[in-house]
file coords-v2.cif (mmCIF, N, CA and C atoms)
data_work
loop_
_atom_site.label_atom_id
_atom_site.label_comp_id
_atom_site.auth_asym_id
_atom_site.auth_seq_id
_atom_site.Cartn_x
_atom_site.Cartn_y
_atom_site.Cartn_z
N MET U 6 141.47 86.96 122.67
CA MET U 6 142.13 86.17 123.70
C MET U 6 142.31 87.04 124.94
N GLU U 7 141.99 86.50 126.08
CA GLU U 7 142.14 87.19 127.35
C GLU U 7 143.58 87.08 127.85
N ILE U 8 143.96 87.97 128.75
CA ILE U 8 145.32 87.97 129.31
C ILE U 8 145.60 86.65 130.03
N ALA U 9 144.65 86.17 130.82
CA ALA U 9 144.86 84.92 131.56
C ALA U 9 145.07 83.75 130.61
N GLN U 10 144.32 83.71 129.52
CA GLN U 10 144.48 82.64 128.53
C GLN U 10 145.86 82.72 127.88
N ALA U 11 146.29 83.92 127.56
CA ALA U 11 147.59 84.12 126.94
C ALA U 11 148.71 83.65 127.86
N ILE U 12 148.59 83.97 129.13
CA ILE U 12 149.61 83.56 130.10
C ILE U 12 149.68 82.04 130.21
N GLU U 13 148.52 81.40 130.32
CA GLU U 13 148.50 79.93 130.43
C GLU U 13 149.12 79.29 129.19
N LEU U 14 148.83 79.83 128.03
CA LEU U 14 149.38 79.30 126.79
C LEU U 14 150.90 79.48 126.74
N LEU U 15 151.36 80.66 127.10
CA LEU U 15 152.80 80.95 127.02
C LEU U 15 153.61 80.17 128.04
N LYS U 16 153.00 79.72 129.11
CA LYS U 16 153.72 78.88 130.08
C LYS U 16 154.26 77.62 129.39
N ARG U 17 153.55 77.16 128.37
CA ARG U 17 153.97 75.94 127.65
C ARG U 17 155.21 76.18 126.79
N ALA U 18 155.55 77.44 126.52
CA ALA U 18 156.69 77.75 125.66
C ALA U 18 157.91 78.21 126.44
N VAL U 19 157.86 78.14 127.77
CA VAL U 19 159.01 78.53 128.58
C VAL U 19 160.04 77.42 128.52
N LYS U 20 161.27 77.80 128.23
CA LYS U 20 162.36 76.83 128.07
C LYS U 20 163.55 77.27 128.91
N HIS U 21 164.22 76.32 129.50
CA HIS U 21 165.43 76.58 130.28
C HIS U 21 166.59 76.78 129.32
N THR U 22 167.36 77.85 129.50
CA THR U 22 168.49 78.15 128.63
C THR U 22 169.60 77.13 128.81
N GLY U 23 169.82 76.71 130.03
CA GLY U 23 170.82 75.67 130.27
C GLY U 23 172.07 76.17 130.92
N THR U 24 173.02 76.65 130.15
CA THR U 24 174.33 76.97 130.68
C THR U 24 174.34 78.16 131.63
N ILE U 25 173.44 79.13 131.42
CA ILE U 25 173.45 80.31 132.30
C ILE U 25 172.30 80.31 133.30
N ASP U 26 171.62 79.17 133.43
CA ASP U 26 170.54 79.00 134.40
C ASP U 26 169.51 80.11 134.30
N GLN U 27 168.94 80.25 133.12
CA GLN U 27 167.94 81.28 132.86
C GLN U 27 166.84 80.68 131.99
N LYS U 28 165.63 81.23 132.07
CA LYS U 28 164.52 80.75 131.27
C LYS U 28 164.13 81.82 130.26
N HIS U 29 163.52 81.37 129.15
CA HIS U 29 163.03 82.28 128.13
C HIS U 29 161.85 81.64 127.40
N ILE U 30 161.13 82.45 126.64
CA ILE U 30 160.03 81.92 125.83
C ILE U 30 160.60 81.55 124.48
N ASP U 31 160.39 80.31 124.08
CA ASP U 31 160.94 79.78 122.83
C ASP U 31 159.81 79.15 122.02
N LEU U 32 159.40 79.80 120.96
CA LEU U 32 158.30 79.29 120.15
C LEU U 32 158.69 78.08 119.31
N SER U 33 159.96 77.74 119.27
CA SER U 33 160.37 76.56 118.51
C SER U 33 159.99 75.26 119.24
N VAL U 34 159.57 75.36 120.50
CA VAL U 34 159.18 74.15 121.24
C VAL U 34 157.71 73.80 121.04
N VAL U 35 156.96 74.63 120.32
CA VAL U 35 155.55 74.34 120.06
C VAL U 35 155.39 73.88 118.61
N ALA U 36 154.32 73.15 118.37
CA ALA U 36 154.05 72.65 117.02
C ALA U 36 153.81 73.81 116.07
N ALA U 37 154.24 73.65 114.83
CA ALA U 37 154.10 74.71 113.83
C ALA U 37 152.65 75.12 113.64
N ALA U 38 151.73 74.19 113.73
CA ALA U 38 150.32 74.49 113.55
C ALA U 38 149.78 75.38 114.67
N GLU U 39 150.40 75.32 115.85
CA GLU U 39 149.96 76.11 116.99
C GLU U 39 150.67 77.46 117.10
N ARG U 40 151.69 77.66 116.31
CA ARG U 40 152.51 78.87 116.43
C ARG U 40 151.71 80.19 116.31
N PRO U 41 150.77 80.31 115.37
CA PRO U 41 150.00 81.57 115.29
C PRO U 41 149.24 81.88 116.58
N LYS U 42 148.78 80.85 117.27
CA LYS U 42 148.08 81.05 118.55
C LYS U 42 149.04 81.62 119.60
N PHE U 43 150.26 81.12 119.61
CA PHE U 43 151.26 81.61 120.56
C PHE U 43 151.70 83.03 120.21
N GLU U 44 151.79 83.33 118.92
CA GLU U 44 152.14 84.68 118.49
C GLU U 44 151.05 85.67 118.91
N LEU U 45 149.79 85.26 118.79
CA LEU U 45 148.68 86.10 119.24
C LEU U 45 148.77 86.33 120.75
N ALA U 46 149.10 85.28 121.48
CA ALA U 46 149.24 85.41 122.94
C ALA U 46 150.33 86.42 123.29
N LEU U 47 151.44 86.40 122.57
CA LEU U 47 152.51 87.36 122.81
C LEU U 47 152.04 88.79 122.53
N LYS U 48 151.24 88.95 121.48
CA LYS U 48 150.70 90.28 121.15
C LYS U 48 149.77 90.78 122.26
N VAL U 49 148.93 89.88 122.75
CA VAL U 49 147.99 90.24 123.82
C VAL U 49 148.76 90.72 125.05
N ILE U 50 149.80 90.00 125.41
CA ILE U 50 150.60 90.35 126.59
C ILE U 50 151.34 91.67 126.35
N GLN U 51 151.91 91.84 125.18
CA GLN U 51 152.63 93.08 124.88
C GLN U 51 151.71 94.29 124.98
N LEU U 52 150.50 94.16 124.45
CA LEU U 52 149.53 95.26 124.54
C LEU U 52 149.10 95.52 125.98
N ALA U 53 148.93 94.45 126.75
CA ALA U 53 148.55 94.60 128.15
C ALA U 53 149.63 95.34 128.93
N ILE U 54 150.88 95.03 128.66
CA ILE U 54 151.99 95.71 129.33
C ILE U 54 152.03 97.17 128.88
N LYS U 55 151.89 97.39 127.59
CA LYS U 55 151.93 98.75 127.04
C LYS U 55 150.79 99.61 127.60
N ASP U 56 149.60 99.01 127.77
CA ASP U 56 148.43 99.73 128.27
C ASP U 56 148.40 99.86 129.79
N GLY U 57 149.39 99.28 130.45
CA GLY U 57 149.47 99.40 131.90
C GLY U 57 148.58 98.44 132.67
N GLN U 58 148.06 97.41 132.01
CA GLN U 58 147.21 96.43 132.68
C GLN U 58 148.03 95.47 133.54
N MET U 59 149.30 95.35 133.21
CA MET U 59 150.22 94.53 134.01
C MET U 59 151.63 95.02 133.73
N THR U 60 152.55 94.67 134.63
CA THR U 60 153.94 95.05 134.42
C THR U 60 154.70 93.87 133.81
N ARG U 61 155.83 94.16 133.24
CA ARG U 61 156.67 93.09 132.68
C ARG U 61 157.12 92.13 133.79
N ASP U 62 157.42 92.68 134.96
CA ASP U 62 157.81 91.84 136.10
C ASP U 62 156.68 90.90 136.51
N ASP U 63 155.45 91.41 136.51
CA ASP U 63 154.29 90.58 136.84
C ASP U 63 154.13 89.47 135.82
N PHE U 64 154.28 89.80 134.54
CA PHE U 64 154.20 88.78 133.49
C PHE U 64 155.27 87.71 133.68
N ASN U 65 156.50 88.14 133.90
CA ASN U 65 157.60 87.19 134.10
C ASN U 65 157.33 86.26 135.28
N ARG U 66 156.77 86.81 136.34
CA ARG U 66 156.46 86.00 137.52
C ARG U 66 155.35 85.01 137.21
N ARG U 67 154.33 85.46 136.50
CA ARG U 67 153.16 84.59 136.22
C ARG U 67 153.47 83.46 135.26
N VAL U 68 154.40 83.66 134.31
CA VAL U 68 154.77 82.56 133.41
C VAL U 68 155.99 81.80 133.92
N LYS U 69 156.46 82.20 135.11
CA LYS U 69 157.58 81.53 135.78
C LYS U 69 158.91 81.69 135.05
N LEU U 70 159.12 82.89 134.48
CA LEU U 70 160.40 83.19 133.86
C LEU U 70 161.43 83.65 134.89
N ASP U 71 160.96 84.10 136.03
CA ASP U 71 161.87 84.66 137.03
C ASP U 71 162.35 83.66 138.07
N SER U 72 161.91 82.42 137.95
CA SER U 72 162.32 81.43 138.97
C SER U 72 163.37 80.48 138.46
#
call {"tool": "encode", "arguments": {"input": "coords-v2.cif", "output": "structure tokens"}}
result
Amino acid sequence: MEIAQAIELLKRAVKHTGTIDQKHIDLSVVAAAERPKFELALKVIQLAIKDGQMTRDDFNRRVKLDS
């Protein structure tokens, strides 16, 4: 899985926290059958951040966690 694919997939799992006006990634909002695909996407992103291919801030911006 490519980084861009992982980001597009994880955008579907972004959920608004509600009371504190914050967003987070919540895998409980995706179907159980799709969960392994989302877990793989998280691994791809974690490795990309660890390897310096992107920053955590860049990831947060691209999946719209910071807005």
call {"tool": "resolve_selection", "arguments": {"input": "coords-v2.cif", "expression": "the PyMOL selection byres ((chain U and resi 13-20) around 6.5)", "output": "JSON, numbers by chain"}}
result
{"U": [8, 9, 10, 11, 12, 21, 22, 23, 27, 28, 29, 30, 31, 32, 34, 35, 68]}
call {"tool": "select_by_dssp", "arguments": {"input": "coords-v2.cif", "residues": "chain U", "states": "helix (DSSP H, G or I)", "output": "NGL selection string"}}
result
:U and (8-16 or 32-34 or 37-55 or 61-67)
call {"tool": "atom_distance", "arguments": {"input": "coords-v2.cif", "atom1": "atom C of Pro41 (chain U)", "atom2": "atom C of Asp71 (chain U)"}}
result
25.2 Å
call {"tool": "select_by_dssp", "arguments": {"input": "coords-v2.cif", "residues": "chain U", "states": "strand (DSSP E or B)", "output": "ChimeraX atom specification"}}
result
/U:19-21,28-30
call {"tool": "build_atoms", "arguments": {"input": "coords-v2.cif", "residues": "region 18-29 of chain U", "atoms": "all heavy atoms", "output": "PDB file, in the coordinates of the input"}}
result
ATOM      1  N   ALA U  18     155.550  77.440 126.520  1.00  0.00           N
ATOM      2  CA  ALA U  18     156.690  77.750 125.660  1.00  0.00           C
ATOM      3  C   ALA U  18     157.910  78.210 126.440  1.00  0.00           C
ATOM      4  O   ALA U  18     158.897  78.619 125.850  1.00  0.00           O
ATOM      5  CB  ALA U  18     156.281  78.822 124.645  1.00  0.00           C
ATOM      6  N   VAL U  19     157.860  78.140 127.770  1.00  0.00           N
ATOM      7  CA  VAL U  19     159.010  78.530 128.580  1.00  0.00           C
ATOM      8  C   VAL U  19     160.040  77.420 128.520  1.00  0.00           C
ATOM      9  O   VAL U  19     159.734  76.251 128.729  1.00  0.00           O
ATOM     10  CB  VAL U  19     158.580  78.826 130.040  1.00  0.00           C
ATOM     11  CG1 VAL U  19     159.793  79.058 130.920  1.00  0.00           C
ATOM     12  CG2 VAL U  19     157.652  80.031 130.078  1.00  0.00           C
ATOM     13  N   LYS U  20     161.270  77.800 128.230  1.00  0.00           N
ATOM     14  CA  LYS U  20     162.360  76.830 128.070  1.00  0.00           C
ATOM     15  C   LYS U  20     163.550  77.270 128.910  1.00  0.00           C
ATOM     16  O   LYS U  20     163.850  78.460 129.002  1.00  0.00           O
ATOM     17  CB  LYS U  20     162.743  76.776 126.596  1.00  0.00           C
ATOM     18  CG  LYS U  20     163.856  75.815 126.282  1.00  0.00           C
ATOM     19  CD  LYS U  20     164.147  75.834 124.801  1.00  0.00           C
ATOM     20  CE  LYS U  20     165.381  75.010 124.497  1.00  0.00           C
ATOM     21  NZ  LYS U  20     165.766  75.123 123.090  1.00  0.00           N
ATOM     22  N   HIS U  21     164.220  76.320 129.500  1.00  0.00           N
ATOM     23  CA  HIS U  21     165.430  76.580 130.280  1.00  0.00           C
ATOM     24  C   HIS U  21     166.590  76.780 129.320  1.00  0.00           C
ATOM     25  O   HIS U  21     166.807  75.996 128.409  1.00  0.00           O
ATOM     26  CB  HIS U  21     165.722  75.392 131.195  1.00  0.00           C
ATOM     27  CG  HIS U  21     166.232  75.783 132.524  1.00  0.00           C
ATOM     28  ND1 HIS U  21     167.319  76.575 132.704  1.00  0.00           N
ATOM     29  CD2 HIS U  21     165.786  75.492 133.756  1.00  0.00           C
ATOM     30  CE1 HIS U  21     167.535  76.749 133.985  1.00  0.00           C
ATOM     31  NE2 HIS U  21     166.608  76.098 134.646  1.00  0.00           N
ATOM     32  N   THR U  22     167.360  77.850 129.500  1.00  0.00           N
ATOM     33  CA  THR U  22     168.490  78.150 128.630  1.00  0.00           C
ATOM     34  C   THR U  22     169.600  77.130 128.810  1.00  0.00           C
ATOM     35  O   THR U  22     170.232  76.718 127.864  1.00  0.00           O
ATOM     36  CB  THR U  22     169.031  79.563 128.908  1.00  0.00           C
ATOM     37  OG1 THR U  22     167.965  80.471 128.682  1.00  0.00           O
ATOM     38  CG2 THR U  22     170.179  79.904 128.013  1.00  0.00           C
ATOM     39  N   GLY U  23     169.820  76.710 130.030  1.00  0.00           N
ATOM     40  CA  GLY U  23     170.820  75.670 130.270  1.00  0.00           C
ATOM     41  C   GLY U  23     172.070  76.170 130.920  1.00  0.00           C
ATOM     42  O   GLY U  23     172.193  76.143 132.132  1.00  0.00           O
ATOM     43  N   THR U  24     173.020  76.650 130.150  1.00  0.00           N
ATOM     44  CA  THR U  24     174.330  76.970 130.680  1.00  0.00           C
ATOM     45  C   THR U  24     174.340  78.160 131.630  1.00  0.00           C
ATOM     46  O   THR U  24     175.152  78.208 132.538  1.00  0.00           O
ATOM     47  CB  THR U  24     175.324  77.251 129.533  1.00  0.00           C
ATOM     48  OG1 THR U  24     174.818  78.308 128.731  1.00  0.00           O
ATOM     49  CG2 THR U  24     175.541  76.028 128.679  1.00  0.00           C
ATOM     50  N   ILE U  25     173.440  79.130 131.420  1.00  0.00           N
ATOM     51  CA  ILE U  25     173.450  80.310 132.300  1.00  0.00           C
ATOM     52  C   ILE U  25     172.300  80.310 133.300  1.00  0.00           C
ATOM     53  O   ILE U  25     172.021  81.318 133.925  1.00  0.00           O
ATOM     54  CB  ILE U  25     173.444  81.623 131.471  1.00  0.00           C
ATOM     55  CG1 ILE U  25     172.230  81.691 130.564  1.00  0.00           C
ATOM     56  CG2 ILE U  25     174.732  81.772 130.700  1.00  0.00           C
ATOM     57  CD1 ILE U  25     172.077  83.010 129.829  1.00  0.00           C
ATOM     58  N   ASP U  26     171.620  79.170 133.430  1.00  0.00           N
ATOM     59  CA  ASP U  26     170.540  79.000 134.400  1.00  0.00           C
ATOM     60  C   ASP U  26     169.510  80.110 134.300  1.00  0.00           C
ATOM     61  O   ASP U  26     169.257  80.855 135.255  1.00  0.00           O
ATOM     62  CB  ASP U  26     171.118  78.917 135.821  1.00  0.00           C
ATOM     63  CG  ASP U  26     170.080  78.372 136.806  1.00  0.00           C
ATOM     64  OD1 ASP U  26     169.266  77.534 136.386  1.00  0.00           O
ATOM     65  OD2 ASP U  26     170.099  78.794 137.965  1.00  0.00           O
ATOM     66  N   GLN U  27     168.940  80.250 133.120  1.00  0.00           N
ATOM     67  CA  GLN U  27     167.940  81.280 132.860  1.00  0.00           C
ATOM     68  C   GLN U  27     166.840  80.680 131.990  1.00  0.00           C
ATOM     69  O   GLN U  27     167.083  79.733 131.246  1.00  0.00           O
ATOM     70  CB  GLN U  27     168.604  82.448 132.135  1.00  0.00           C
ATOM     71  CG  GLN U  27     167.806  83.701 132.100  1.00  0.00           C
ATOM     72  CD  GLN U  27     168.613  84.833 131.478  1.00  0.00           C
ATOM     73  OE1 GLN U  27     169.471  84.606 130.623  1.00  0.00           O
ATOM     74  NE2 GLN U  27     168.330  86.039 131.895  1.00  0.00           N
ATOM     75  N   LYS U  28     165.630  81.230 132.070  1.00  0.00           N
ATOM     76  CA  LYS U  28     164.520  80.750 131.270  1.00  0.00           C
ATOM     77  C   LYS U  28     164.130  81.820 130.260  1.00  0.00           C
ATOM     78  O   LYS U  28     164.355  83.006 130.462  1.00  0.00           O
ATOM     79  CB  LYS U  28     163.316  80.444 132.156  1.00  0.00           C
ATOM     80  CG  LYS U  28     163.548  79.306 133.122  1.00  0.00           C
ATOM     81  CD  LYS U  28     162.329  79.093 133.972  1.00  0.00           C
ATOM     82  CE  LYS U  28     162.576  78.038 135.020  1.00  0.00           C
ATOM     83  NZ  LYS U  28     161.407  77.899 135.902  1.00  0.00           N
ATOM     84  N   HIS U  29     163.520  81.370 129.150  1.00  0.00           N
ATOM     85  CA  HIS U  29     163.030  82.280 128.130  1.00  0.00           C
ATOM     86  C   HIS U  29     161.850  81.640 127.400  1.00  0.00           C
ATOM     87  O   HIS U  29     161.619  80.448 127.530  1.00  0.00           O
ATOM     88  CB  HIS U  29     164.138  82.667 127.156  1.00  0.00           C
ATOM     89  CG  HIS U  29     164.632  81.518 126.331  1.00  0.00           C
ATOM     90  ND1 HIS U  29     165.534  80.602 126.803  1.00  0.00           N
ATOM     91  CD2 HIS U  29     164.338  81.134 125.070  1.00  0.00           C
ATOM     92  CE1 HIS U  29     165.784  79.699 125.865  1.00  0.00           C
ATOM     93  NE2 HIS U  29     165.058  80.000 124.801  1.00  0.00           N
TER      94      HIS U  29
END
